[in-house]
$ cat protein26.txt   # compact mmCIF, C-alpha atoms
# COMPACT_ATOMS: atom_id res chain seq x y z
CA MET A 6 53.92 72.57 129.03
CA PRO A 7 54.65 76.24 129.83
CA SER A 8 52.33 78.82 128.33
CA ARG A 9 53.46 81.40 125.81
CA SER A 10 53.07 84.14 128.40
CA ALA A 11 55.25 82.26 130.89
CA ALA A 12 57.91 81.70 128.23
CA ALA A 13 57.77 85.39 127.28
CA THR A 14 58.13 86.39 130.93
CA THR A 15 61.14 84.07 131.33
CA ALA A 16 62.75 85.49 128.18
CA SER A 17 62.12 89.04 129.43
CA LEU A 18 63.71 88.30 132.81
CA ARG A 19 66.70 86.67 131.13
CA SER A 20 67.12 89.67 128.83
CA ARG A 21 66.89 92.04 131.77
CA GLY A 22 69.47 89.99 133.67
CA ASP A 23 71.84 90.05 130.69
CA GLY A 24 71.40 93.82 130.43
CA ARG A 25 72.21 94.27 134.11
CA LEU A 26 75.29 92.07 133.78
CA ALA A 27 76.46 94.05 130.74
CA ALA A 28 75.99 97.33 132.63
CA LEU A 29 77.96 95.99 135.61
CA ALA A 30 80.77 94.80 133.31
CA VAL A 31 80.96 98.11 131.42
CA GLY A 32 80.98 99.95 134.75
CA GLN A 33 83.99 97.89 135.83
CA VAL A 34 85.92 98.71 132.65
CA ILE A 35 85.32 102.44 133.09
CA SER A 36 85.84 102.51 136.86
CA TRP A 37 89.07 100.49 136.81
CA GLY A 38 90.35 102.43 133.83
CA ILE A 39 89.79 105.85 135.40
CA LEU A 40 90.15 105.24 139.14
CA TYR A 41 93.14 102.89 138.96
CA TYR A 42 95.03 102.68 135.66
CA ALA A 43 94.87 106.38 134.79
CA LEU A 44 97.32 107.24 137.57
CA ILE A 45 99.77 104.54 136.47
CA VAL A 46 99.86 106.06 132.97
CA ALA A 47 99.91 109.68 134.17
CA ALA A 48 102.47 109.31 136.97
CA PRO A 49 105.56 110.21 134.88
CA ALA A 50 103.87 113.38 133.56
CA ILE A 51 102.82 114.33 137.10
CA ALA A 52 106.40 113.84 138.33
CA VAL A 53 107.84 116.02 135.56
CA ASP A 54 105.34 118.83 136.16
CA THR A 55 105.36 118.90 139.96
CA GLY A 56 108.86 117.77 140.86
CA TRP A 57 107.46 115.03 143.08
CA SER A 58 109.24 111.71 142.74
CA LEU A 59 107.53 108.65 141.26
CA VAL A 60 107.92 107.00 144.67
CA GLU A 61 106.01 109.83 146.37
CA ILE A 62 103.27 109.69 143.75
CA THR A 63 102.99 105.90 144.04
CA VAL A 64 102.87 106.05 147.83
CA SER A 65 100.03 108.59 147.67
CA PHE A 66 98.14 106.25 145.34
CA SER A 67 98.82 103.27 147.61
CA ILE A 68 97.49 105.21 150.62
CA GLY A 69 94.28 105.69 148.64
CA LEU A 70 94.10 101.94 148.00
CA VAL A 71 94.51 101.26 151.72
CA ALA A 72 91.67 103.71 152.36
CA SER A 73 89.64 101.71 149.84
CA ALA A 74 90.32 98.51 151.78
CA ILE A 75 89.18 100.07 155.06
CA ALA A 76 86.10 101.71 153.54
CA GLY A 77 85.21 98.38 151.93
CA ILE A 78 84.28 96.97 155.35
CA VAL A 79 81.56 99.60 155.76
CA VAL A 80 80.50 99.42 152.11
CA GLY A 81 79.98 95.67 152.40
CA ARG A 82 77.55 96.15 155.28
CA LEU A 83 75.72 98.90 153.39
CA LEU A 84 75.37 96.71 150.31
CA ASP A 85 73.92 93.90 152.41
CA ALA A 86 71.47 96.11 154.25
CA GLY A 87 70.49 98.80 151.81
CA SER A 88 70.31 99.74 148.17
CA PRO A 89 73.13 98.70 145.81
CA ARG A 90 71.84 101.38 143.43
CA ILE A 91 72.48 104.16 145.92
CA VAL A 92 75.81 102.76 147.22
CA MET A 93 77.44 102.25 143.82
CA THR A 94 76.02 105.44 142.32
CA LEU A 95 77.41 107.45 145.24
CA GLY A 96 80.69 105.58 144.80
CA SER A 97 80.95 106.93 141.25
CA VAL A 98 80.25 110.47 142.45
CA VAL A 99 82.77 110.24 145.31
CA GLY A 100 85.43 108.75 143.02
CA ALA A 101 84.93 111.58 140.52
CA ALA A 102 85.07 114.17 143.31
CA GLY A 103 88.34 112.67 144.52
CA LEU A 104 89.84 112.99 141.05
CA VAL A 105 88.84 116.66 141.01
CA VAL A 106 90.72 117.15 144.29
CA VAL A 107 93.74 115.28 142.86
CA SER A 108 93.73 117.38 139.69
CA THR A 109 93.69 120.66 141.63
CA ALA A 110 96.15 119.69 144.38
CA GLY A 111 98.85 122.27 144.96
CA ASP A 112 101.05 120.07 147.13
CA LEU A 113 101.68 116.41 147.89
CA LEU A 114 99.44 116.48 150.97
CA GLY A 115 96.45 117.64 148.93
CA PHE A 116 97.33 115.11 146.24
CA THR A 117 97.28 112.30 148.82
CA ALA A 118 94.02 113.55 150.32
CA GLY A 119 92.48 113.38 146.86
CA TRP A 120 93.53 109.75 146.45
CA ILE A 121 92.05 108.90 149.85
CA ILE A 122 88.71 110.27 148.60
CA VAL A 123 89.16 108.31 145.37
CA GLY A 124 89.83 105.21 147.51
CA VAL A 125 86.49 105.60 149.26
CA GLY A 126 84.85 105.78 145.85
CA GLN A 127 86.79 102.72 144.66
CA SER A 128 85.49 100.67 147.58
CA ALA A 129 81.92 101.19 146.32
CA VAL A 130 82.44 100.56 142.60
CA LEU A 131 85.33 98.14 141.99
CA TYR A 132 85.46 94.34 142.27
CA GLN A 133 84.51 93.88 145.93
CA ALA A 134 81.29 95.87 145.55
CA ALA A 135 80.53 94.17 142.23
CA PHE A 136 81.13 90.74 143.79
CA THR A 137 78.63 91.52 146.53
CA VAL A 138 76.00 92.46 143.93
CA ILE A 139 76.76 89.27 141.98
CA ALA A 140 76.62 87.06 145.07
CA ARG A 141 73.22 88.46 146.05
CA ARG A 142 71.84 88.54 142.52
CA SER A 143 73.26 85.42 140.86
CA ARG A 144 73.65 82.99 143.78
CA ASP A 145 74.44 79.58 142.21
CA ARG A 146 75.50 81.23 138.91
CA ARG A 147 77.87 83.63 140.64
CA ARG A 148 81.11 81.94 139.52
CA ARG A 149 80.30 82.38 135.82
CA THR A 150 79.10 85.94 136.40
CA MET A 151 82.18 86.89 138.44
CA THR A 152 84.36 85.55 135.64
CA ILE A 153 82.58 87.69 133.04
CA VAL A 154 82.87 90.83 135.17
CA THR A 155 86.56 90.29 135.98
CA LEU A 156 87.31 89.59 132.33
CA ALA A 157 85.74 92.95 131.53
CA GLY A 158 87.74 94.61 134.31
CA GLY A 159 90.87 93.06 132.82
CA LEU A 160 90.26 95.06 129.64
CA ALA A 161 90.37 98.37 131.52
CA SER A 162 94.09 98.94 131.03
CA THR A 163 93.86 97.92 127.36
CA VAL A 164 91.07 100.44 126.77
CA PHE A 165 92.15 103.33 128.98
CA ALA A 166 95.95 103.29 128.80
CA PRO A 167 95.95 104.60 125.20
CA ILE A 168 93.07 106.98 125.98
CA VAL A 169 94.92 108.53 128.91
CA ALA A 170 98.19 108.63 126.94
CA GLY A 171 96.37 110.35 124.07
CA LEU A 172 94.83 112.94 126.38
CA LEU A 173 98.22 113.63 127.95
CA SER A 174 99.63 114.33 124.49
CA VAL A 175 97.26 117.31 124.07
CA LEU A 176 96.44 118.29 127.69
CA ASP A 177 98.39 118.56 130.93
CA TRP A 178 97.84 115.95 133.63
CA ARG A 179 95.49 118.18 135.64
CA ALA A 180 93.14 118.76 132.72
CA THR A 181 93.36 115.08 131.82
CA LEU A 182 92.29 113.89 135.28
CA LEU A 183 89.56 116.54 135.42
CA LEU A 184 88.19 115.35 132.08
CA LEU A 185 88.33 111.73 133.26
CA ALA A 186 86.41 112.70 136.41
CA VAL A 187 83.66 114.17 134.24
CA LEU A 188 83.67 111.04 132.04
CA LEU A 189 83.42 108.76 135.09
CA CYS A 190 80.49 110.66 136.53
CA ALA A 191 78.69 111.01 133.20
CA THR A 192 78.91 107.29 132.38
CA THR A 193 78.97 105.12 135.50
CA THR A 194 76.51 107.20 137.54
CA PRO A 195 73.58 106.55 135.15
CA LEU A 196 74.80 102.98 134.55
CA HIS A 197 74.62 102.17 138.25
CA TRP A 198 71.42 104.10 138.88
CA LEU A 199 69.49 102.51 136.01
CA SER A 200 70.80 98.92 136.20
CA LEU A 201 71.19 98.14 139.89
CA GLU A 202 68.44 97.04 142.25
CA ARG A 203 66.78 99.78 144.28
CA ARG A 204 66.50 97.28 147.10
CA TRP A 205 67.19 93.58 147.41
CA PRO A 206 64.06 91.44 146.96
CA PRO A 207 62.86 89.38 149.94
CA SER A 208 65.26 86.50 150.48
CA ALA A 209 64.31 83.21 148.93
CA PRO A 210 64.36 80.12 151.18
CA ALA A 211 67.96 79.36 151.95
CA ALA A 212 69.62 76.42 150.25
CA PRO A 213 71.19 73.87 152.61
CA HIS A 214 74.65 75.37 152.03
CA ASP A 215 73.42 78.96 152.26
CA ALA A 216 72.66 79.27 155.96
CA ASP A 217 72.41 82.66 157.62
CA HIS A 218 75.94 83.04 159.00
CA SER A 219 76.57 86.29 160.85
CA LEU A 220 79.85 88.19 160.62
CA GLY A 221 80.59 87.59 164.30
CA GLU A 222 79.95 83.87 163.95
CA VAL A 223 82.28 83.58 160.95
CA LEU A 224 85.04 85.60 162.61
CA ARG A 225 85.09 83.14 165.49
CA THR A 226 85.96 80.21 163.23
CA ARG A 227 89.47 78.93 162.60
CA ARG A 228 88.49 78.33 158.98
CA PHE A 229 88.02 82.04 158.30
CA TRP A 230 91.43 82.98 159.66
CA MET A 231 93.22 80.19 157.84
CA LEU A 232 91.54 81.33 154.63
CA GLU A 233 92.47 84.94 155.38
CA LEU A 234 96.12 84.19 156.08
CA ALA A 235 96.41 81.88 153.06
CA MET A 236 95.02 84.56 150.72
CA ILE A 237 97.27 87.25 152.24
CA ALA A 238 100.34 85.05 151.72
CA LEU A 239 99.29 84.16 148.17
CA THR A 240 98.54 87.79 147.27
CA ALA A 241 101.84 89.03 148.71
CA SER A 242 103.80 86.41 146.77
CA LEU A 243 102.08 87.04 143.43
CA TYR A 244 101.95 90.83 143.57
CA GLY A 245 105.47 91.12 144.96
CA VAL A 246 106.97 89.28 141.98
CA THR A 247 104.66 90.22 139.11
CA LEU A 248 104.89 93.96 139.84
CA ALA A 249 108.69 93.68 140.02
CA VAL A 250 109.06 91.65 136.83
CA ILE A 251 110.92 94.46 135.02
CA PRO A 252 113.89 94.66 137.45
CA LEU A 253 113.79 90.86 137.84
CA PHE A 254 114.17 90.33 134.09
CA GLU A 255 116.73 93.14 133.74
CA GLU A 256 118.79 91.35 136.40
CA LYS A 257 118.77 88.33 134.07
CA GLY A 258 120.15 90.43 131.21
CA ILE A 259 116.90 91.20 129.37
CA THR A 260 116.49 94.68 127.91
CA TYR A 261 114.13 97.16 129.53
CA VAL A 262 111.88 97.22 126.46
CA LEU A 263 111.42 93.45 126.44
CA ALA A 264 110.91 93.41 130.22
CA ALA A 265 108.21 96.06 129.82
CA TRP A 266 106.54 93.86 127.22
CA ALA A 267 106.65 91.04 129.75
CA LEU A 268 104.79 93.21 132.24
CA GLY A 269 102.15 93.95 129.61
CA LEU A 270 101.77 90.26 128.78
CA LEU A 271 101.01 89.57 132.43
CA GLY A 272 97.65 91.24 131.77
CA ALA A 273 96.93 88.78 128.98
CA GLY A 274 97.91 86.00 131.34
CA GLN A 275 95.33 87.18 133.88
CA VAL A 276 92.57 86.84 131.28
CA ILE A 277 93.75 83.32 130.46
CA GLY A 278 93.81 82.38 134.15
CA ARG A 279 90.27 83.63 134.71
CA LEU A 280 88.98 81.72 131.69
CA LEU A 281 90.66 78.52 132.89
CA TYR A 282 89.22 78.99 136.37
CA ALA A 283 85.73 79.26 134.87
CA VAL A 284 85.94 75.97 132.97
CA VAL A 285 87.59 73.88 135.68
CA PRO A 286 85.06 71.64 137.50
CA HIS A 287 84.22 73.00 140.94
CA GLY A 288 82.58 70.00 142.55
CA THR A 289 85.66 69.25 144.64
CA ALA A 290 86.32 70.21 148.27
CA LEU A 291 86.21 73.96 148.82
CA TRP A 292 89.89 74.20 149.74
CA VAL A 293 91.10 72.62 146.48
CA PRO A 294 90.90 75.72 144.18
CA LEU A 295 92.94 77.74 146.68
CA ALA A 296 95.45 74.91 147.10
CA VAL A 297 95.87 74.45 143.34
CA THR A 298 96.33 78.20 142.84
CA ALA A 299 98.87 78.46 145.67
CA GLY A 300 100.78 75.39 144.48
CA SER A 301 100.85 76.74 140.92
CA ALA A 302 102.10 80.09 142.24
CA ALA A 303 104.93 78.40 144.14
CA VAL A 304 106.10 76.51 141.04
CA VAL A 305 105.86 79.45 138.61
CA LEU A 306 107.47 81.97 140.97
CA ALA A 307 110.33 79.57 141.73
CA LEU A 308 110.92 79.06 138.00
CA LEU A 309 110.88 82.83 137.41
CA ALA A 310 113.55 83.13 140.10
CA ILE A 311 115.92 80.35 139.02
CA VAL A 312 115.53 80.11 135.22
CA PRO A 313 118.21 82.30 133.58
CA GLY A 314 116.65 82.36 130.09
CA PRO A 315 116.26 82.38 127.17
CA PRO A 316 114.03 85.47 126.98
CA TRP A 317 111.11 83.68 125.28
CA LEU A 318 110.93 81.17 128.14
CA LEU A 319 110.92 83.95 130.72
CA LEU A 320 108.09 85.66 128.80
CA VAL A 321 106.09 82.43 128.91
CA LEU A 322 106.71 82.11 132.64
CA GLY A 323 105.58 85.71 133.08
CA ILE A 324 102.32 84.95 131.27
CA LEU A 325 101.83 81.89 133.50
CA ALA A 326 102.41 84.04 136.59
CA GLY A 327 99.77 86.44 135.30
CA ALA A 328 97.39 83.52 134.77
CA VAL A 329 97.82 82.38 138.36
CA ARG A 330 97.26 85.94 139.59
CA GLY A 331 94.11 86.20 137.47
CA ALA A 332 92.77 82.95 138.89
CA SER A 333 93.53 84.11 142.45
CA THR A 334 91.13 87.06 141.98
CA LEU A 335 88.27 84.63 141.38
CA VAL A 336 89.38 82.30 144.17
CA GLN A 337 89.19 85.28 146.53
CA GLY A 338 85.88 86.54 145.13
CA SER A 339 84.09 83.20 145.50
CA ALA A 340 85.69 82.02 148.75
CA VAL A 341 83.26 83.65 151.20
CA ALA A 342 80.07 82.75 149.34
CA ASP A 343 81.22 79.17 148.78
CA ARG A 344 81.84 78.64 152.49
CA TRP A 345 79.29 80.83 154.26
CA GLY A 346 76.62 81.56 151.66
CA THR A 347 75.36 84.85 150.28
CA ARG A 348 73.07 86.15 153.04
CA ASN A 349 75.70 88.37 154.71
CA TYR A 350 78.27 88.23 151.93
CA GLY A 351 78.91 91.97 151.83
CA ALA A 352 79.74 92.29 155.53
CA ILE A 353 81.84 89.11 155.70
CA ASN A 354 83.65 89.73 152.42
CA GLY A 355 84.34 93.35 153.37
CA VAL A 356 86.30 92.22 156.42
CA PHE A 357 87.89 89.33 154.50
CA ALA A 358 89.02 91.46 151.55
CA ALA A 359 90.34 94.47 153.48
CA PRO A 360 93.78 93.11 154.48
CA ILE A 361 94.18 91.37 151.12
CA THR A 362 93.48 94.65 149.32
CA ALA A 363 95.96 96.43 151.60
CA VAL A 364 98.66 93.87 150.75
CA ALA A 365 97.91 94.28 147.04
CA ALA A 366 98.18 98.06 147.50
CA ALA A 367 101.65 97.56 148.94
CA GLY A 368 102.54 95.30 146.00
CA PRO A 369 104.71 97.81 144.11
CA ALA A 370 106.94 98.18 147.18
CA LEU A 371 107.01 94.52 148.26
CA GLY A 372 109.31 93.23 145.52
CA PRO A 373 112.02 95.89 145.91
CA LEU A 374 111.89 95.60 149.71
CA ILE A 375 112.32 91.81 149.65
CA ALA A 376 115.02 92.12 146.97
CA THR A 377 116.92 94.60 149.11
CA ALA A 378 116.63 92.33 152.15
CA THR A 379 117.68 89.17 150.28
CA GLY A 380 120.30 90.72 147.99
CA SER A 381 118.74 90.16 144.56
CA TYR A 382 115.49 89.94 142.66
CA ALA A 383 116.12 86.25 142.03
CA ALA A 384 116.29 85.66 145.77
CA MET A 385 113.08 87.71 146.08
CA GLY A 386 111.40 85.24 143.71
CA VAL A 387 112.55 82.29 145.79
CA ALA A 388 111.25 83.95 148.98
CA ALA A 389 107.92 84.64 147.26
CA ALA A 390 107.68 81.00 146.16
CA GLY A 391 108.21 80.01 149.80
CA LEU A 392 105.40 82.35 150.82
CA ALA A 393 103.13 80.66 148.26
CA LEU A 394 104.02 77.30 149.84
CA VAL A 395 102.86 78.71 153.18
CA ALA A 396 99.55 79.58 151.50
CA LEU A 397 99.38 76.01 150.13
CA ALA A 398 99.89 74.54 153.60
CA MET A 399 97.15 76.76 155.09
CA ALA A 400 94.72 76.07 152.24
CA ARG A 401 93.93 72.56 153.51
CA PHE A 402 92.37 74.07 156.63
CA ALA A 403 90.45 76.79 154.78

$ encode --input "protein26.txt" --output "structure tokens"
Amino acid sequence: MPSRSAAATTASLRSRGDGRLAALAVGQVISWGILYYALIVAAPAIAVDTGWSLVEITVSFSIGLVASAIAGIVVGRLLDAGSPRIVMTLGSVVGAAGLVVVSTAGDLLGFTAGWIIVGVGQSAVLYQAAFTVIARRSRDRRRRTMTIVTLAGGLASTVFAPIVAGLLSVLDWRATLLLLAVLLCATTTPLHWLSLERRWPPSAPAAPHDADHSLGEVLRTRRFWMLELAMIALTASLYGVTLAVIPLFEEKGITYVLAAWALGLLGAGQVIGRLLYAVVPHGTALWVPLAVTAGSAAVVLALLAIVPGPPWLLLVLGILAGAVRGASTLVQGSAVADRWGTRNYGAINGVFAAPITAVAAAGPALGPLIATATGSYAAMGVAAAGLALVALAMARFA
């Protein structure tokens, strides 16, 4: 029978772990809200003030996201080898500094340079960095922990969209972004510094499935590349359609206001998808979650393309598409650790996630490009469903 002191120690460790998880989750809400969603809300005001087009502003932002994908490769290695406290704290500082550059930019080139700096900061504080911390810290409990953190991240737009809109009603966009930079630095910097490990503890004996796979070893396997290509195809299909849901629904005769509501409901769908992913049994073959997600994407995207209405049915399909996209985030986050363990998760996942993040960054342009090439947004949806089927076929070998 455990002693009272042992029970007290266990309770203390559990409490400390819950506190660290809460800090990581709050950090995700703030970081996503300021480093990602703030620009989406502020873009129209920036366009009006500067004369830059929304396309130019979005492209600058997307370039920053690509920079985040590239920097994530290095950040993953640093998180494996060094101190997560230092890496994520510096990420907050760099992200805030990038926002300062964005807010003071006098031309589009300076604006883009600022988003590249923000992208470097994003790589050290958003999901990929958080997943590395979770994989190293939580090990066999990582799926539940990843779900909690991504659910928190999913609230970022709900929390920060009205905050940013409110600030823009009393300040110009430059002052708004400058204030958000101060808020980011003042909140997430101490959160990361106080809650993250100064250094990883000595590794416990590896579980049978948690062998010490090196990055080079993993990159030489067919399984890695099939997984990579399947996730790229799945991400392209989901982001291409869900980020173009407004013109897709307008093409079907739905009003802009209702189509905009559909886009907002996609966020609620993502939360639903992540919750469902958490409760589904995961004792099956490792390729099954990816295959189920890809197959679901193919069905939902095809229905979005071919169903003409009524509007309520299209809204339901939009929520289902959001649910599949939400589940795909967790499929991606757990894929590397499930197959190759957690020992070198940061390095392996950094390489794995980089092209997927780049495809997601191009998401706003994918739908219109495919629609232009195929002649309509409905045809775009059919093409995206076909791409999801490609992901399904590859999943069996991942």

$ residues_around --input "protein26.txt" --residues "Ala110 in chain A" --least-positions-apart "3" --cutoff "12 Å" --atoms "all atoms listed in the file" --output "compact mmCIF listing (two decimals) with C-alpha atoms, keeping the file's coordinate frame"
# COMPACT_ATOMS: atom_id res chain seq x y z
CA ILE A 51 102.82 114.33 137.10
CA THR A 55 105.36 118.90 139.96
CA GLY A 103 88.34 112.67 144.52
CA LEU A 104 89.84 112.99 141.05
CA VAL A 105 88.84 116.66 141.01
CA VAL A 106 90.72 117.15 144.29
CA VAL A 107 93.74 115.28 142.86
CA LEU A 113 101.68 116.41 147.89
CA LEU A 114 99.44 116.48 150.97
CA GLY A 115 96.45 117.64 148.93
CA PHE A 116 97.33 115.11 146.24
CA THR A 117 97.28 112.30 148.82
CA ALA A 118 94.02 113.55 150.32
CA GLY A 119 92.48 113.38 146.86
CA TRP A 120 93.53 109.75 146.45
CA TRP A 178 97.84 115.95 133.63
CA ARG A 179 95.49 118.18 135.64
CA LEU A 182 92.29 113.89 135.28
CA LEU A 183 89.56 116.54 135.42

$ residues_around --input "protein26.txt" --residues "range 325-341 of chain A" --least-positions-apart "5" --cutoff "9 Å" --atoms "only C-alpha atoms" --output "number ranges by chain"
A: 132-133, 136-137, 140, 147-148, 151-152, 155, 159, 229, 232, 236, 239-240, 243-244, 246-247, 268, 270-283, 291-292, 294-295, 298-299, 301-302, 305-306, 309, 320, 346-347, 350, 353-354, 357-358

$ atom_distance --input "protein26.txt" --atom1 "CA of Gly100 in chain A" --atom2 "CA of Val60 in chain A"
22.6 Å

$ residues_around --input "protein26.txt" --residues "Leu95 in chain A" --least-positions-apart "4" --cutoff "10 Å" --atoms "all atoms listed in the file" --output "list in words"
Pro89, Arg90, Ile91, Val99, Gly100, Ala101, Gly126, Ala129, Val130, Cys190, Thr194, His197 and Trp198 of chain A

$ write_last_selection --input "protein26.txt" --atoms "C-alpha atoms" --output "compact mmCIF listing (two decimals), keeping the file's coordinate frame"
# COMPACT_ATOMS: atom_id res chain seq x y z
CA PRO A 89 73.13 98.70 145.81
CA ARG A 90 71.84 101.38 143.43
CA ILE A 91 72.48 104.16 145.92
CA VAL A 99 82.77 110.24 145.31
CA GLY A 100 85.43 108.75 143.02
CA ALA A 101 84.93 111.58 140.52
CA GLY A 126 84.85 105.78 145.85
CA ALA A 129 81.92 101.19 146.32
CA VAL A 130 82.44 100.56 142.60
CA CYS A 190 80.49 110.66 136.53
CA THR A 194 76.51 107.20 137.54
CA HIS A 197 74.62 102.17 138.25
CA TRP A 198 71.42 104.10 138.88

$ atom_distance --input "protein26.txt" --atom1 "CA of Tyr42 in chain A" --atom2 "CA of Val125 in chain A"
16.3 Å

$ atom_distance --input "protein26.txt" --atom1 "CA of Ser200 in chain A" --atom2 "CA of Leu160 in chain A"
20.9 Å

$ closest_atom_pairs --input "protein26.txt" --of "range 347-381 of chain A" --to "range 64-72 of chain A" --cutoff "8 Å" --atoms "all atoms listed in the file" --output "JSON lines"
{"residue": "A:Thr362", "atom": "CA", "partner": "A:Val71", "partner_atom": "CA", "distance": 7.1}
{"residue": "A:Ala363", "atom": "CA", "partner": "A:Val71", "partner_atom": "CA", "distance": 5.0}
{"residue": "A:Ala366", "atom": "CA", "partner": "A:Ser67", "partner_atom": "CA", "distance": 5.3}
{"residue": "A:Ala367", "atom": "CA", "partner": "A:Ser67", "partner_atom": "CA", "distance": 6.5}

$ write_last_selection --input "protein26.txt" --atoms "C-alpha atoms" --output "PDB file, keeping the file's coordinate frame"
ATOM      1  CA  THR A 362      93.480  94.650 149.320  1.00  0.00           C
ATOM      2  CA  ALA A 363      95.960  96.430 151.600  1.00  0.00           C
ATOM      3  CA  ALA A 366      98.180  98.060 147.500  1.00  0.00           C
ATOM      4  CA  ALA A 367     101.650  97.560 148.940  1.00  0.00           C
TER       5      ALA A 367
END

$ residues_around --input "protein26.txt" --residues "Ile35 in chain A" --least-positions-apart "4" --cutoff "7 Å" --atoms "all atoms listed in the file" --output "PDB file with C-alpha atoms, in the frame of the given file"
ATOM      1  CA  VAL A  31      80.960  98.110 131.420  1.00  0.00           C
ATOM      2  CA  ILE A  39      89.790 105.850 135.400  1.00  0.00           C
ATOM      3  CA  ALA A 161      90.370  98.370 131.520  1.00  0.00           C
ATOM      4  CA  LEU A 189      83.420 108.760 135.090  1.00  0.00           C
TER       5      LEU A 189
END

$ residues_around --input "protein26.txt" --residues "Ala249 in chain A" --least-positions-apart "4" --cutoff "7 Å" --atoms "all atoms listed in the file" --output "PyMOL selection string"
chain A and resi 245+253+372

$ closest_residue --input "protein26.txt" --among "A:Trp205, A:Trp37, A:Trp266, A:Tyr382" --to "Phe165 in chain A" --atoms "only C-alpha atoms"
A:Trp37

$ closest_residue --input "protein26.txt" --among "A:Ala388, A:Ile168, A:Leu318, A:Ala50" --to "Ile259 in chain A" --atoms "all atoms listed in the file"
A:Leu318

$ build_atoms --input "protein26.txt" --residues "range 232-246 of chain A" --atoms "N, CA and C atoms" --output "PDB file, in the frame of the given file"
ATOM      1  N   LEU A 232      91.814  80.831 155.975  1.00  0.00           N
ATOM      2  CA  LEU A 232      91.540  81.330 154.630  1.00  0.00           C
ATOM      3  C   LEU A 232      92.131  82.725 154.446  1.00  0.00           C
ATOM      4  N   GLU A 233      91.935  83.580 155.423  1.00  0.00           N
ATOM      5  CA  GLU A 233      92.470  84.940 155.380  1.00  0.00           C
ATOM      6  C   GLU A 233      93.980  84.945 155.230  1.00  0.00           C
ATOM      7  N   LEU A 234      94.657  84.196 156.105  1.00  0.00           N
ATOM      8  CA  LEU A 234      96.120  84.190 156.080  1.00  0.00           C
ATOM      9  C   LEU A 234      96.650  83.563 154.803  1.00  0.00           C
ATOM     10  N   ALA A 235      95.975  82.517 154.312  1.00  0.00           N
ATOM     11  CA  ALA A 235      96.410  81.880 153.060  1.00  0.00           C
ATOM     12  C   ALA A 235      96.303  82.859 151.896  1.00  0.00           C
ATOM     13  N   MET A 236      95.197  83.614 151.818  1.00  0.00           N
ATOM     14  CA  MET A 236      95.020  84.560 150.720  1.00  0.00           C
ATOM     15  C   MET A 236      95.988  85.735 150.836  1.00  0.00           C
ATOM     16  N   ILE A 237      96.282  86.176 152.058  1.00  0.00           N
ATOM     17  CA  ILE A 237      97.270  87.250 152.240  1.00  0.00           C
ATOM     18  C   ILE A 237      98.641  86.794 151.751  1.00  0.00           C
ATOM     19  N   ALA A 238      99.037  85.577 152.143  1.00  0.00           N
ATOM     20  CA  ALA A 238     100.340  85.050 151.720  1.00  0.00           C
ATOM     21  C   ALA A 238     100.396  84.884 150.208  1.00  0.00           C
ATOM     22  N   LEU A 239      99.321  84.360 149.616  1.00  0.00           N
ATOM     23  CA  LEU A 239      99.290  84.160 148.170  1.00  0.00           C
ATOM     24  C   LEU A 239      99.339  85.498 147.437  1.00  0.00           C
ATOM     25  N   THR A 240      98.566  86.473 147.904  1.00  0.00           N
ATOM     26  CA  THR A 240      98.540  87.790 147.270  1.00  0.00           C
ATOM     27  C   THR A 240      99.908  88.472 147.356  1.00  0.00           C
ATOM     28  N   ALA A 241     100.527  88.411 148.542  1.00  0.00           N
ATOM     29  CA  ALA A 241     101.840  89.030 148.710  1.00  0.00           C
ATOM     30  C   ALA A 241     102.868  88.405 147.772  1.00  0.00           C
ATOM     31  N   SER A 242     102.832  87.080 147.634  1.00  0.00           N
ATOM     32  CA  SER A 242     103.800  86.410 146.770  1.00  0.00           C
ATOM     33  C   SER A 242     103.608  86.779 145.311  1.00  0.00           C
ATOM     34  N   LEU A 243     102.354  86.769 144.845  1.00  0.00           N
ATOM     35  CA  LEU A 243     102.080  87.040 143.430  1.00  0.00           C
ATOM     36  C   LEU A 243     102.307  88.508 143.070  1.00  0.00           C
ATOM     37  N   TYR A 244     101.802  89.416 143.889  1.00  0.00           N
ATOM     38  CA  TYR A 244     101.950  90.830 143.570  1.00  0.00           C
ATOM     39  C   TYR A 244     103.403  91.274 143.739  1.00  0.00           C
ATOM     40  N   GLY A 245     104.086  90.741 144.744  1.00  0.00           N
ATOM     41  CA  GLY A 245     105.470  91.120 144.960  1.00  0.00           C
ATOM     42  C   GLY A 245     106.345  90.827 143.750  1.00  0.00           C
ATOM     43  N   VAL A 246     106.142  89.666 143.125  1.00  0.00           N
ATOM     44  CA  VAL A 246     106.970  89.280 141.980  1.00  0.00           C
ATOM     45  C   VAL A 246     106.466  89.881 140.686  1.00  0.00           C
TER      46      VAL A 246
END
